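S.K.: If it helps, the file is called target-v5.pdb and holds PDB, C-alpha atoms and all ligand atoms:
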```pdb
ATOM      1  CA  MET N 287    -160.432 -35.464  -9.592
ATOM      2  CA  ARG N 288    -158.712 -38.310 -11.447
ATOM      3  CA  LYS N 289    -157.022 -37.377 -14.710
ATOM      4  CA  GLU N 290    -158.281 -39.170 -17.823
ATOM      5  CA  SER N 291    -155.445 -41.403 -18.940
ATOM      6  CA  GLN N 292    -154.602 -42.780 -22.355
ATOM      7  CA  LYS N 293    -156.086 -46.073 -21.200
ATOM      8  CA  ASP N 294    -159.476 -44.531 -20.376
ATOM      9  CA  LYS N 295    -159.894 -43.389 -23.938
ATOM     10  CA  VAL N 296    -158.797 -46.559 -25.705
ATOM     11  CA  PRO N 297    -162.078 -47.172 -27.556
ATOM     12  CA  PHE N 298    -162.043 -43.627 -28.863
ATOM     13  CA  SER N 299    -158.371 -43.767 -29.852
ATOM     14  CA  GLU N 300    -159.074 -46.950 -31.716
ATOM     15  CA  MET N 301    -161.662 -45.090 -33.760
ATOM     16  CA  PHE N 302    -159.086 -42.624 -34.935
ATOM     17  CA  SER N 303    -156.152 -44.971 -35.317
ATOM     18  CA  GLY N 304    -158.208 -47.459 -37.305
ATOM     19  CA  VAL N 305    -160.152 -46.806 -40.439
ATOM     20  CA  ILE N 306    -160.957 -43.203 -39.572
ATOM     21  CA  GLY N 307    -157.339 -42.283 -38.946
ATOM     22  CA  GLN N 308    -156.291 -43.492 -42.345
ATOM     23  CA  GLN N 309    -159.308 -42.301 -44.263
ATOM     24  CA  TYR N 310    -159.949 -39.067 -42.512
ATOM     25  CA  ASP N 311    -160.046 -37.220 -45.847
ATOM     26  CA  MET N 312    -163.328 -38.984 -46.387
ATOM     27  CA  LEU N 313    -164.665 -36.600 -43.786
ATOM     28  CA  LYS N 314    -164.469 -33.851 -46.364
ATOM     29  CA  LEU N 315    -167.010 -35.792 -48.381
ATOM     30  CA  ILE N 316    -169.400 -36.751 -45.630
ATOM     31  CA  CYS N 317    -169.064 -33.546 -43.634
ATOM     32  CA  PRO N 318    -167.852 -30.680 -45.838
ATOM     33  CA  LEU N 319    -168.371 -28.296 -42.946
ATOM     34  CA  ALA N 320    -165.514 -29.941 -41.087
ATOM     35  CA  THR N 321    -163.013 -28.397 -43.477
ATOM     36  CA  GLU N 322    -164.965 -25.133 -43.575
ATOM     37  CA  MET N 323    -164.785 -25.005 -39.772
ATOM     38  CA  SER N 324    -160.980 -25.215 -39.898
ATOM     39  CA  ARG N 325    -161.029 -22.225 -42.247
ATOM     40  CA  LEU N 326    -163.262 -20.343 -39.804
ATOM     41  CA  VAL N 327    -160.897 -21.137 -36.931
ATOM     42  CA  GLY N 328    -158.020 -19.746 -39.038
ATOM     43  CA  GLU N 329    -160.071 -16.621 -39.798
ATOM     44  CA  ALA N 330    -160.796 -16.110 -36.099
ATOM     45  CA  VAL N 331    -157.089 -16.395 -35.277
ATOM     46  CA  LYS N 332    -156.342 -13.862 -38.024
ATOM     47  CA  LYS N 333    -158.950 -11.474 -36.667
ATOM     48  CA  TYR N 334    -157.522 -11.773 -33.175
ATOM     49  CA  ALA N 335    -153.938 -10.819 -34.011
ATOM     50  CA  SER N 336    -151.761  -9.928 -36.939
ATOM     51  CA  GLN N 337    -148.447  -9.924 -35.096
ATOM     52  CA  SER N 338    -146.265 -12.634 -33.627
ATOM     53  CA  ILE N 339    -148.353 -14.714 -31.244
ATOM     54  CA  SER N 340    -148.190 -18.144 -29.663
ATOM     55  CA  VAL N 341    -150.962 -20.596 -30.451
ATOM     56  CA  VAL N 342    -151.626 -23.968 -28.860
ATOM     57  CA  GLU N 343    -153.835 -26.212 -30.953
ATOM     58  CA  LEU N 344    -155.721 -29.053 -29.268
ATOM     59  CA  GLY N 345    -156.373 -32.139 -31.403
ATOM     60  CA  GLY N 346    -154.461 -31.202 -34.526
ATOM     61  CA  GLY N 347    -155.393 -34.460 -36.255
ATOM     62  CA  THR N 348    -154.194 -34.684 -39.835
ATOM     63  CA  GLY N 349    -153.335 -30.988 -39.890
ATOM     64  CA  ILE N 350    -156.322 -29.401 -41.631
ATOM     65  CA  THR N 351    -156.955 -26.919 -38.803
ATOM     66  CA  THR N 352    -153.229 -26.534 -38.096
ATOM     67  CA  LEU N 353    -152.673 -25.341 -41.653
ATOM     68  CA  ALA N 354    -155.562 -22.879 -41.437
ATOM     69  CA  ILE N 355    -154.022 -21.444 -38.248
ATOM     70  CA  LEU N 356    -150.534 -21.241 -39.747
ATOM     71  CA  LEU N 357    -151.915 -19.362 -42.737
ATOM     72  CA  ALA N 358    -153.653 -16.812 -40.484
ATOM     73  CA  ASN N 359    -150.444 -14.803 -40.238
ATOM     74  CA  ASN N 360    -146.832 -15.550 -41.064
ATOM     75  CA  GLN N 361    -145.421 -14.663 -37.667
ATOM     76  CA  LEU N 362    -147.424 -16.851 -35.314
ATOM     77  CA  SER N 363    -146.085 -20.111 -33.956
ATOM     78  CA  VAL N 364    -148.156 -23.178 -33.194
ATOM     79  CA  MET N 365    -147.751 -26.106 -30.860
ATOM     80  CA  SER N 366    -150.125 -28.765 -32.127
ATOM     81  CA  VAL N 367    -151.239 -31.345 -29.573
ATOM     82  CA  ASP N 368    -152.657 -34.738 -30.501
ATOM     83  CA  ASN N 369    -152.272 -38.012 -28.645
ATOM     84  CA  GLU N 370    -153.124 -40.203 -31.620
ATOM     85  CA  PRO N 371    -149.975 -41.005 -33.633
ATOM     86  CA  THR N 372    -151.885 -42.164 -36.757
ATOM     87  CA  MET N 373    -153.385 -38.714 -37.038
ATOM     88  CA  GLN N 374    -150.399 -36.647 -35.965
ATOM     89  CA  SER N 375    -147.951 -38.432 -38.257
ATOM     90  CA  GLN N 376    -150.034 -37.291 -41.255
ATOM     91  CA  ALA N 377    -149.794 -33.686 -40.064
ATOM     92  CA  GLN N 378    -146.058 -34.056 -39.443
ATOM     93  CA  ALA N 379    -145.540 -35.285 -42.988
ATOM     94  CA  SER N 380    -147.628 -32.659 -44.738
ATOM     95  CA  LEU N 381    -146.624 -29.659 -42.599
ATOM     96  CA  ASN N 382    -142.898 -30.363 -42.426
ATOM     97  CA  ASP N 383    -141.971 -27.038 -44.086
ATOM     98  CA  TRP N 384    -143.453 -25.149 -41.124
ATOM     99  CA  VAL N 385    -141.621 -27.424 -38.679
ATOM    100  CA  GLU N 386    -138.353 -26.670 -40.457
ATOM    101  CA  SER N 387    -139.030 -22.948 -40.417
ATOM    102  CA  GLY N 388    -139.484 -23.154 -36.634
ATOM    103  CA  ARG N 389    -143.137 -22.100 -36.640
ATOM    104  CA  LEU N 390    -144.678 -25.480 -35.828
ATOM    105  CA  SER N 391    -143.989 -28.044 -33.139
ATOM    106  CA  PHE N 392    -145.905 -31.103 -32.009
ATOM    107  CA  SER N 393    -146.842 -32.599 -28.676
ATOM    108  CA  ALA N 394    -148.014 -36.201 -28.429
ATOM    109  CA  ASP N 395    -149.560 -35.652 -24.991
ATOM    110  CA  ASP N 396    -153.287 -35.715 -24.440
ATOM    111  CA  ALA N 397    -154.810 -32.225 -24.325
ATOM    112  CA  LEU N 398    -155.088 -32.004 -20.538
ATOM    113  CA  THR N 399    -151.552 -33.230 -19.898
ATOM    114  CA  ALA N 400    -150.154 -30.849 -22.532
ATOM    115  CA  LEU N 401    -151.987 -27.896 -20.979
ATOM    116  CA  GLN N 402    -150.882 -28.855 -17.474
ATOM    117  CA  LYS N 403    -147.253 -28.588 -18.640
ATOM    118  CA  ILE N 404    -147.736 -24.980 -19.828
ATOM    119  CA  GLU N 405    -147.043 -21.960 -17.624
ATOM    120  CA  SER N 406    -149.953 -19.793 -16.506
ATOM    121  CA  ASN N 407    -150.693 -16.630 -18.541
ATOM    122  CA  SER N 408    -148.288 -17.602 -21.318
ATOM    123  CA  VAL N 409    -150.307 -18.379 -24.486
ATOM    124  CA  ASP N 410    -152.082 -15.896 -26.773
ATOM    125  CA  VAL N 411    -154.539 -18.268 -28.421
ATOM    126  CA  ILE N 412    -155.825 -21.780 -27.778
ATOM    127  CA  ALA N 413    -157.456 -23.007 -30.975
ATOM    128  CA  SER N 414    -159.156 -26.265 -31.791
ATOM    129  CA  ALA N 415    -161.600 -27.935 -34.134
ATOM    130  CA  TYR N 416    -163.721 -31.018 -33.632
ATOM    131  CA  THR N 417    -161.770 -32.255 -30.642
ATOM    132  CA  LEU N 418    -163.373 -31.091 -27.400
ATOM    133  CA  HIS N 419    -166.742 -32.675 -28.191
ATOM    134  CA  ASN N 420    -164.989 -36.035 -27.952
ATOM    135  CA  PHE N 421    -164.077 -35.512 -24.303
ATOM    136  CA  LYS N 422    -165.982 -36.833 -21.327
ATOM    137  CA  HIS N 423    -167.631 -34.037 -19.315
ATOM    138  CA  ALA N 424    -165.248 -34.065 -16.343
ATOM    139  CA  TYR N 425    -162.192 -34.121 -18.596
ATOM    140  CA  ARG N 426    -163.570 -31.299 -20.798
ATOM    141  CA  LYS N 427    -164.243 -29.155 -17.744
ATOM    142  CA  GLN N 428    -160.638 -29.616 -16.623
ATOM    143  CA  VAL N 429    -159.458 -28.747 -20.147
ATOM    144  CA  HIS N 430    -161.590 -25.562 -20.151
ATOM    145  CA  GLU N 431    -160.125 -24.572 -16.769
ATOM    146  CA  GLU N 432    -156.590 -25.225 -17.960
ATOM    147  CA  ILE N 433    -157.204 -23.233 -21.164
ATOM    148  CA  TYR N 434    -158.222 -20.279 -19.007
ATOM    149  CA  ARG N 435    -155.173 -20.670 -16.768
ATOM    150  CA  VAL N 436    -152.589 -20.836 -19.580
ATOM    151  CA  LEU N 437    -154.076 -17.996 -21.673
ATOM    152  CA  LYS N 438    -152.515 -14.571 -21.279
ATOM    153  CA  LYS N 439    -154.821 -11.816 -20.046
ATOM    154  CA  GLY N 440    -156.972 -10.891 -23.019
ATOM    155  CA  GLY N 441    -156.004 -14.172 -24.726
ATOM    156  CA  GLN N 442    -158.484 -15.953 -26.933
ATOM    157  CA  PHE N 443    -160.070 -19.420 -26.951
ATOM    158  CA  ILE N 444    -161.317 -20.398 -30.409
ATOM    159  CA  ASN N 445    -163.115 -23.676 -30.986
ATOM    160  CA  GLY N 446    -164.949 -24.881 -34.079
ATOM    161  CA  ASP N 447    -166.861 -27.910 -32.920
ATOM    162  CA  ARG N 448    -170.061 -29.838 -32.445
ATOM    163  CA  TYR N 449    -172.155 -27.835 -29.990
ATOM    164  CA  ALA N 450    -175.316 -29.850 -29.457
ATOM    165  CA  LEU N 451    -178.568 -27.896 -29.696
ATOM    166  CA  ASP N 452    -180.408 -27.264 -26.444
ATOM    167  CA  ASP N 453    -183.625 -28.233 -28.224
ATOM    168  CA  VAL N 454    -183.169 -32.003 -27.939
ATOM    169  CA  SER N 455    -185.883 -32.898 -30.482
ATOM    170  CA  ARG N 456    -184.405 -30.570 -33.089
ATOM    171  CA  HIS N 457    -180.938 -31.906 -32.309
ATOM    172  CA  THR N 458    -182.094 -35.510 -32.811
ATOM    173  CA  LYS N 459    -183.599 -34.596 -36.198
ATOM    174  CA  ILE N 460    -180.319 -33.044 -37.305
ATOM    175  CA  ILE N 461    -178.368 -36.110 -36.220
ATOM    176  CA  GLN N 462    -180.794 -38.341 -38.112
ATOM    177  CA  GLN N 463    -180.185 -36.253 -41.239
ATOM    178  CA  GLU N 464    -176.447 -36.501 -40.627
ATOM    179  CA  VAL N 465    -176.651 -40.305 -40.451
ATOM    180  CA  ALA N 466    -178.697 -40.375 -43.649
ATOM    181  CA  GLY N 467    -175.946 -38.282 -45.283
ATOM    182  CA  TYR N 468    -173.240 -40.759 -44.203
ATOM    183  CA  PHE N 469    -175.202 -43.606 -45.782
ATOM    184  CA  LYS N 470    -175.809 -41.681 -48.998
ATOM    185  CA  VAL N 471    -172.148 -40.810 -49.588
ATOM    186  CA  LEU N 472    -170.410 -43.893 -48.231
ATOM    187  CA  LYS N 473    -172.745 -46.471 -49.778
ATOM    188  CA  LYS N 474    -172.126 -44.906 -53.169
ATOM    189  CA  LEU N 475    -168.358 -45.132 -52.559
ATOM    190  CA  ASN N 476    -168.741 -48.679 -51.243
ATOM    191  CA  LYS N 477    -166.988 -47.659 -48.015
ATOM    192  CA  LEU N 478    -169.091 -49.664 -45.610
ATOM    193  CA  ASP N 479    -166.172 -50.085 -43.189
ATOM    194  CA  VAL N 480    -165.860 -46.303 -42.863
ATOM    195  CA  LEU N 481    -169.632 -46.025 -42.517
ATOM    196  CA  GLU N 482    -169.604 -48.514 -39.657
ATOM    197  CA  HIS N 483    -166.850 -46.621 -37.863
ATOM    198  CA  TRP N 484    -168.560 -43.221 -38.243
ATOM    199  CA  ILE N 485    -171.837 -44.579 -36.894
ATOM    200  CA  ILE N 486    -170.038 -46.113 -33.922
ATOM    201  CA  HIS N 487    -168.171 -42.864 -33.401
ATOM    202  CA  LEU N 488    -171.401 -40.874 -33.523
ATOM    203  CA  PHE N 489    -172.774 -42.957 -30.648
ATOM    204  CA  ASN N 490    -169.764 -41.779 -28.660
ATOM    205  CA  ASP N 491    -170.378 -38.119 -29.551
ATOM    206  CA  GLU N 492    -174.060 -38.345 -28.712
ATOM    207  CA  SER N 493    -173.681 -40.300 -25.472
ATOM    208  CA  GLU N 494    -174.751 -38.641 -22.241
ATOM    209  CA  ASN N 495    -171.248 -38.538 -20.800
ATOM    210  CA  HIS N 496    -169.750 -36.837 -23.870
ATOM    211  CA  ILE N 497    -172.349 -34.640 -25.551
ATOM    212  CA  MET N 498    -171.301 -30.961 -25.538
ATOM    213  CA  ARG N 499    -174.618 -29.173 -25.096
ATOM    214  CA  GLU N 500    -174.559 -25.458 -26.022
ATOM    215  CA  ALA N 501    -176.102 -23.723 -22.982
ATOM    216  CA  GLU N 502    -174.349 -25.950 -20.443
ATOM    217  CA  THR N 503    -170.968 -25.409 -22.103
ATOM    218  CA  LEU N 504    -171.294 -21.633 -22.387
ATOM    219  CA  GLN N 505    -172.398 -21.536 -18.751
ATOM    220  CA  GLN N 506    -169.338 -23.546 -17.746
ATOM    221  CA  LEU N 507    -167.031 -21.116 -19.578
ATOM    222  CA  ASP N 508    -168.764 -18.190 -17.908
ATOM    223  CA  VAL N 509    -168.291 -19.693 -14.437
ATOM    224  CA  ILE N 510    -164.599 -20.295 -15.180
ATOM    225  CA  GLY N 511    -164.252 -16.578 -15.924
ATOM    226  CA  PHE N 512    -164.251 -16.311 -19.722
ATOM    227  CA  MET N 513    -165.559 -13.053 -21.195
ATOM    228  CA  ASP N 514    -167.156 -12.183 -24.549
ATOM    229  CA  ILE N 515    -168.363 -15.754 -24.997
ATOM    230  CA  ASN N 516    -169.844 -16.008 -28.447
ATOM    231  CA  LEU N 517    -171.163 -18.897 -30.527
ATOM    232  CA  SER N 518    -171.440 -18.051 -34.223
ATOM    233  CA  ASN N 519    -171.574 -19.613 -37.674
ATOM    234  CA  ARG N 520    -173.948 -22.329 -36.485
ATOM    235  CA  LEU N 521    -174.784 -24.824 -39.169
ATOM    236  CA  GLU N 522    -176.639 -27.868 -37.890
ATOM    237  CA  VAL N 523    -174.636 -29.129 -34.917
ATOM    238  CA  ASN N 524    -171.500 -27.253 -35.914
ATOM    239  CA  ALA N 525    -170.601 -23.820 -34.565
ATOM    240  CA  LEU N 526    -167.651 -21.559 -33.853
ATOM    241  CA  LEU N 527    -166.992 -20.574 -30.261
ATOM    242  CA  THR N 528    -164.832 -17.615 -29.266
ATOM    243  CA  ALA N 529    -164.171 -16.495 -25.715
ATOM    244  CA  SER N 530    -161.505 -14.407 -24.092
ATOM    245  CA  LYS N 531    -159.692 -14.277 -20.794
ATOM    246  CA  SER N 532    -160.379 -11.117 -18.886
ATOM    247  CA  VAL N 533    -157.631  -8.495 -19.135
ATOM    248  CA  ARG N 534    -157.999  -8.010 -15.381
ATOM    249  CA  SER N 535    -157.868 -11.627 -14.179
TER     250      SER N 535
HETATM  251  C1  LIG E   1    -161.977 -35.102 -35.318
HETATM  252  S1  LIG E   1    -160.258 -34.873 -35.191
HETATM  253  C2  LIG E   1    -160.077 -33.163 -35.619
HETATM  254  C3  LIG E   1    -158.800 -32.860 -36.350
HETATM  255  C4  LIG E   1    -158.733 -31.461 -36.954
HETATM  256  N1  LIG E   1    -158.777 -30.439 -35.945
HETATM  257  C5  LIG E   1    -159.854 -31.251 -37.947
HETATM  258  O1  LIG E   1    -160.783 -30.518 -37.668
HETATM  259  O2  LIG E   1    -159.769 -31.855 -39.010
HETATM  260  C6  LIG E   1    -160.018 -34.901 -33.465
HETATM  261  C7  LIG E   1    -158.570 -35.099 -33.061
HETATM  262  O3  LIG E   1    -158.459 -34.940 -31.659
HETATM  263  C8  LIG E   1    -157.561 -35.908 -31.171
HETATM  264  N2  LIG E   1    -157.860 -36.128 -29.767
HETATM  265  C9  LIG E   1    -158.953 -36.731 -29.236
HETATM  266  N3  LIG E   1    -158.877 -36.742 -27.909
HETATM  267  C10 LIG E   1    -157.730 -36.104 -27.582
HETATM  268  C11 LIG E   1    -157.111 -35.762 -26.343
HETATM  269  N4  LIG E   1    -157.654 -36.090 -25.181
HETATM  270  N5  LIG E   1    -155.938 -35.113 -26.400
HETATM  271  C12 LIG E   1    -155.361 -34.769 -27.585
HETATM  272  N6  LIG E   1    -155.898 -35.064 -28.775
HETATM  273  C13 LIG E   1    -157.074 -35.718 -28.771
HETATM  274  C14 LIG E   1    -157.799 -37.130 -32.039
HETATM  275  O4  LIG E   1    -156.688 -37.997 -32.032
HETATM  276  C15 LIG E   1    -158.046 -36.479 -33.400
HETATM  277  O5  LIG E   1    -156.867 -36.377 -34.138
END
```
Could you spell out this file's structure in structure tokens?
M.R.:
Amino acid sequence: MRKESQKDKVPFSEMFSGVIGQQYDMLKLICPLATEMSRLVGEAVKKYASQSISVVELGGGTGITTLAILLANNQLSVMSVDNEPTMQSQAQASLNDWVESGRLSFSADDALTALQKIESNSVDVIASAYTLHNFKHAYRKQVHEEIYRVLKKGGQFINGDRYALDDVSRHTKIIQQEVAGYFKVLKKLNKLDVLEHWIIHLFNDESENHIMREAETLQQLDVIGFMDINLSNRLEVNALLTASKSVRS
């Protein structure tokens, strides 16, 4: 299967490198759960291990989730992957102390390429927030397979993300409420440019070749071999996924 290249995802990259990349903090206003989800990802990492572990983060963005992971315990080390420089440069600036202490490094590769460079059975945790839902189905499946390959036996996959409801009518209602929320907040702030970008971005998330439907995704992880697959903390379209690699694989 052909690898998704940087070029394939140009429209999406443009979303993040344009207005959204620079005004990503606005997300906290229009989607407070996005920051809460990073906290939940950090909590899940903390629950998984208290000792020195290696974490690979996919789609570190501006560093909100990265920070939550780093704070989970003071011995873990993180490699944060993001192929959008506008986003990653913000994380590099604000998390420089952790870089200097040797606990944080960055990769500018796309998620699949970064994973393909990692040895099998070598990583304790793969953590992510609000990144995998952006992938096209075929690319996401490859990413899930690579996550399984690089995790150590018993290693953990933790993803706080948009898991679309299997009940399509209910899902549509929730998305409609989400759009209404964008208008309410961003009109008041007179940020119509940001509003336009978020609506365009939402069309990407909701499109048939991207949407990360709950049952289908959990089934895919099961087929790959993941164990203890659990979706928790669902609020609207957002939920926390945890799954582990079998200790026997
Ligand atoms: C919505 S942001 C999430 C950032 C952060 N985890 C958070 O929750 O605030 C998604 C990030 O994933 C990155 N991204 C999207 N596709 C990617 C890919 N194929 N490989 C690596 N990073 C990707 C984007 O550049 C963006 O920074």
S.K.: Give me the residues within 8 Å of N:Ala377 as a PyMOL selection string, counting only C-alpha atoms and dropping any in the same chain fewer than 6 places off.
M.R.: chain N and resi 346-350
S.K.: Could you dump the residues just selected with C-alpha atoms as a PDB file, in the coordinates of the input?
M.R.:
```pdb
ATOM      1  CA  GLY N 346    -154.461 -31.202 -34.526  1.00  0.00           C
ATOM      2  CA  GLY N 347    -155.393 -34.460 -36.255  1.00  0.00           C
ATOM      3  CA  THR N 348    -154.194 -34.684 -39.835  1.00  0.00           C
ATOM      4  CA  GLY N 349    -153.335 -30.988 -39.890  1.00  0.00           C
ATOM      5  CA  ILE N 350    -156.322 -29.401 -41.631  1.00  0.00           C
TER       6      ILE N 350
END
```
S.K.: Please identify the residues whose atoms come within 6 Å of ligand LIG 1 (chain E), using all atoms listed in the file, and report them as a list in words.
M.R.: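 If we count all atoms listed in the file, the neighbours of ligand LIG 1 (chain E) turn out to be Phe302, Ala320, Ser324, Leu344, Gly345, Gly346, Gly347, Ile350, Thr351, Val367, Asp368, Asn369, Glu370, Met373, Asp396, Ala397, Ser414, Ala415, Tyr416 and Thr417 of chain N.
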S.K.: Between N:Leu315, N:Ala424, N:Met365, N:Ala413, which residue has the minimum interatomic distance to N:Asp395, considering all atoms listed in the file?
M.R.: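 Between N:Leu315, N:Ala424, N:Met365, N:Ala413, the residue approaching N:Asp395 most closely is N:Met365.
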S.K.: Using all atoms listed in the file, which residues sit within 8 Å of stretch 495-500 of chain N once same-chain residues fewer than 2 positions away are excluded, as a list in words?
M.R.: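 Residues near the query, excluding close chain neighbours: His419, Asn420, Phe421, Lys422, His423, Arg448, Tyr449, Ala450, Leu451, Asp452, Asn490, Asp491, Glu492, Ser493, Glu502, Thr503 and Leu504 of chain N.
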S.K.: Rounded to one decimal in Å, what is the spacing between atom CA of N:Asn445 and atom CA of N:Glu464?
M.R.: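 Here the two named atoms are 20.9 Å from each other.
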S.K.: Give me, please, the distance in Å between atom CA of N:Leu437 and atom CA of N:Thr372, quoted to one decimal.
M.R.: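 These atoms are spaced 28.6 Å apart.
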S.K.: Considering all atoms listed in the file, state which residue in the set N:Ser363, N:Asn524, N:Gln374, N:Ser532 is at the smallest distance from N:Ile460.
M.R.: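 Under the stated criterion, the closest residue is N:Asn524.
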S.K.: Taking every listed atom of stretch 364-381 of chain N and adding 6 Å to each side, what centre and edge lengths in Å (one decimal) does the axis-aligned box have, as AutoDock Vina command-line options?
M.R.:
```
--center_x -149.5 --center_y -32.7 --center_z -36.7 --size_x 19.8 --size_y 31.0 --size_z 28.1
```
S.K.: What does the structure give for the distance between atom CA of N:Asn359 and atom CA of N:Ala394, in Å to one decimal?
M.R.: 24.6 Å
S.K.: Expand the PyMOL selection byres (((chain N and resi 534) around 10) and not hetatm) into the explicit residue set it covers here, and present it as a PyMOL selection string.
M.R.: chain N and resi 439-440+531-533+535
S.K.: Deliver the residues from the most recent selection as a file, using C-alpha atoms, as a short mmCIF file (atom, residue, chain, number, x, y, z; two decimals), in the frame of the given file.
M.R.:
```
data_model
loop_
_atom_site.label_atom_id
_atom_site.label_comp_id
_atom_site.auth_asym_id
_atom_site.auth_seq_id
_atom_site.Cartn_x
_atom_site.Cartn_y
_atom_site.Cartn_z
CA LYS N 439 -154.82 -11.82 -20.05
CA GLY N 440 -156.97 -10.89 -23.02
CA LYS N 531 -159.69 -14.28 -20.79
CA SER N 532 -160.38 -11.12 -18.89
CA VAL N 533 -157.63 -8.49 -19.14
CA SER N 535 -157.87 -11.63 -14.18
#
```
S.K.: Need to verify the contact set: N:Ser366, 7 Å, only C-alpha atoms, exclusion of same-chain residues closer than 5 positions in sequence. Can you return it as a PDB file with C-alpha atoms, keeping the file's coordinate frame?
M.R.:
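Output file result.pdb is given in full below:
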```pdb
ATOM      1  CA  VAL N 342    -151.626 -23.968 -28.860  1.00  0.00           C
ATOM      2  CA  GLU N 343    -153.835 -26.212 -30.953  1.00  0.00           C
ATOM      3  CA  LEU N 344    -155.721 -29.053 -29.268  1.00  0.00           C
ATOM      4  CA  GLY N 346    -154.461 -31.202 -34.526  1.00  0.00           C
ATOM      5  CA  SER N 391    -143.989 -28.044 -33.139  1.00  0.00           C
ATOM      6  CA  PHE N 392    -145.905 -31.103 -32.009  1.00  0.00           C
ATOM      7  CA  SER N 393    -146.842 -32.599 -28.676  1.00  0.00           C
TER       8      SER N 393
END
```
S.K.: Might you pull out every residue within 6 Å of stretch 334-340 of chain N, with only C-alpha atoms counted and same-chain residues fewer than 2 positions away left off, and present them as an NGL selection string?
M.R.: :N and (331-332 or 361-363 or 409-410)
S.K.: To test your reading of the syntax: which residues would the PyMOL selection byres (((chain N and resi 471) around 12) and not hetatm) return for the file shown? Reply as a PDB file with C-alpha atoms, in the coordinates of the input.
M.R.:
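Contents of expr.pdb, as written:
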```pdb
ATOM      1  CA  MET N 312    -163.328 -38.984 -46.387  1.00  0.00           C
ATOM      2  CA  LEU N 313    -164.665 -36.600 -43.786  1.00  0.00           C
ATOM      3  CA  LYS N 314    -164.469 -33.851 -46.364  1.00  0.00           C
ATOM      4  CA  LEU N 315    -167.010 -35.792 -48.381  1.00  0.00           C
ATOM      5  CA  ILE N 316    -169.400 -36.751 -45.630  1.00  0.00           C
ATOM      6  CA  CYS N 317    -169.064 -33.546 -43.634  1.00  0.00           C
ATOM      7  CA  PRO N 318    -167.852 -30.680 -45.838  1.00  0.00           C
ATOM      8  CA  GLU N 464    -176.447 -36.501 -40.627  1.00  0.00           C
ATOM      9  CA  VAL N 465    -176.651 -40.305 -40.451  1.00  0.00           C
ATOM     10  CA  ALA N 466    -178.697 -40.375 -43.649  1.00  0.00           C
ATOM     11  CA  GLY N 467    -175.946 -38.282 -45.283  1.00  0.00           C
ATOM     12  CA  TYR N 468    -173.240 -40.759 -44.203  1.00  0.00           C
ATOM     13  CA  PHE N 469    -175.202 -43.606 -45.782  1.00  0.00           C
ATOM     14  CA  LYS N 470    -175.809 -41.681 -48.998  1.00  0.00           C
ATOM     15  CA  LEU N 472    -170.410 -43.893 -48.231  1.00  0.00           C
ATOM     16  CA  LYS N 473    -172.745 -46.471 -49.778  1.00  0.00           C
ATOM     17  CA  LYS N 474    -172.126 -44.906 -53.169  1.00  0.00           C
ATOM     18  CA  LEU N 475    -168.358 -45.132 -52.559  1.00  0.00           C
ATOM     19  CA  ASN N 476    -168.741 -48.679 -51.243  1.00  0.00           C
ATOM     20  CA  LYS N 477    -166.988 -47.659 -48.015  1.00  0.00           C
ATOM     21  CA  LEU N 478    -169.091 -49.664 -45.610  1.00  0.00           C
ATOM     22  CA  VAL N 480    -165.860 -46.303 -42.863  1.00  0.00           C
ATOM     23  CA  LEU N 481    -169.632 -46.025 -42.517  1.00  0.00           C
TER      24      LEU N 481
END
```
S.K.: I need the residue nearest N:Met513 from this list: N:Gln402, N:Thr528, N:Ser380, N:Gln462. Use all atoms listed in the file for the distance.
M.R.: N:Thr528
S.K.: Ranking N:Asp447, N:His483, N:Gln376, N:Phe489 by minimum distance to N:Val523 and counting all atoms listed in the file, which one comes first?
M.R.: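 Using all atoms listed in the file, N:Val523 sits closest to N:Asp447.
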S.K.: Near N:Ile515, counting all atoms listed in the file, which residues have an atom at most 8 Å away, once you skip same-chain residues fewer than 2 positions from it, shown as a count of residues only?
M.R.: 10
S.K.: Please, which residues are within 8 Å of (-167.9, -18.7, -36.3) by the file's coordinates, counting only C-alpha atoms, and could they come as an mmCIF file with C-alpha atoms, in the coordinates of the input?
M.R.:
```
data_model
loop_
_atom_site.group_PDB
_atom_site.id
_atom_site.type_symbol
_atom_site.label_atom_id
_atom_site.label_comp_id
_atom_site.auth_asym_id
_atom_site.auth_seq_id
_atom_site.Cartn_x
_atom_site.Cartn_y
_atom_site.Cartn_z
ATOM 1 C CA MET N 323 -164.785 -25.005 -39.772
ATOM 2 C CA LEU N 326 -163.262 -20.343 -39.804
ATOM 3 C CA VAL N 327 -160.897 -21.137 -36.931
ATOM 4 C CA ALA N 330 -160.796 -16.110 -36.099
ATOM 5 C CA GLY N 446 -164.949 -24.881 -34.079
ATOM 6 C CA LEU N 517 -171.163 -18.897 -30.527
ATOM 7 C CA SER N 518 -171.440 -18.051 -34.223
ATOM 8 C CA ASN N 519 -171.574 -19.613 -37.674
ATOM 9 C CA ARG N 520 -173.948 -22.329 -36.485
ATOM 10 C CA ALA N 525 -170.601 -23.820 -34.565
ATOM 11 C CA LEU N 526 -167.651 -21.559 -33.853
ATOM 12 C CA LEU N 527 -166.992 -20.574 -30.261
ATOM 13 C CA THR N 528 -164.832 -17.615 -29.266
#
```
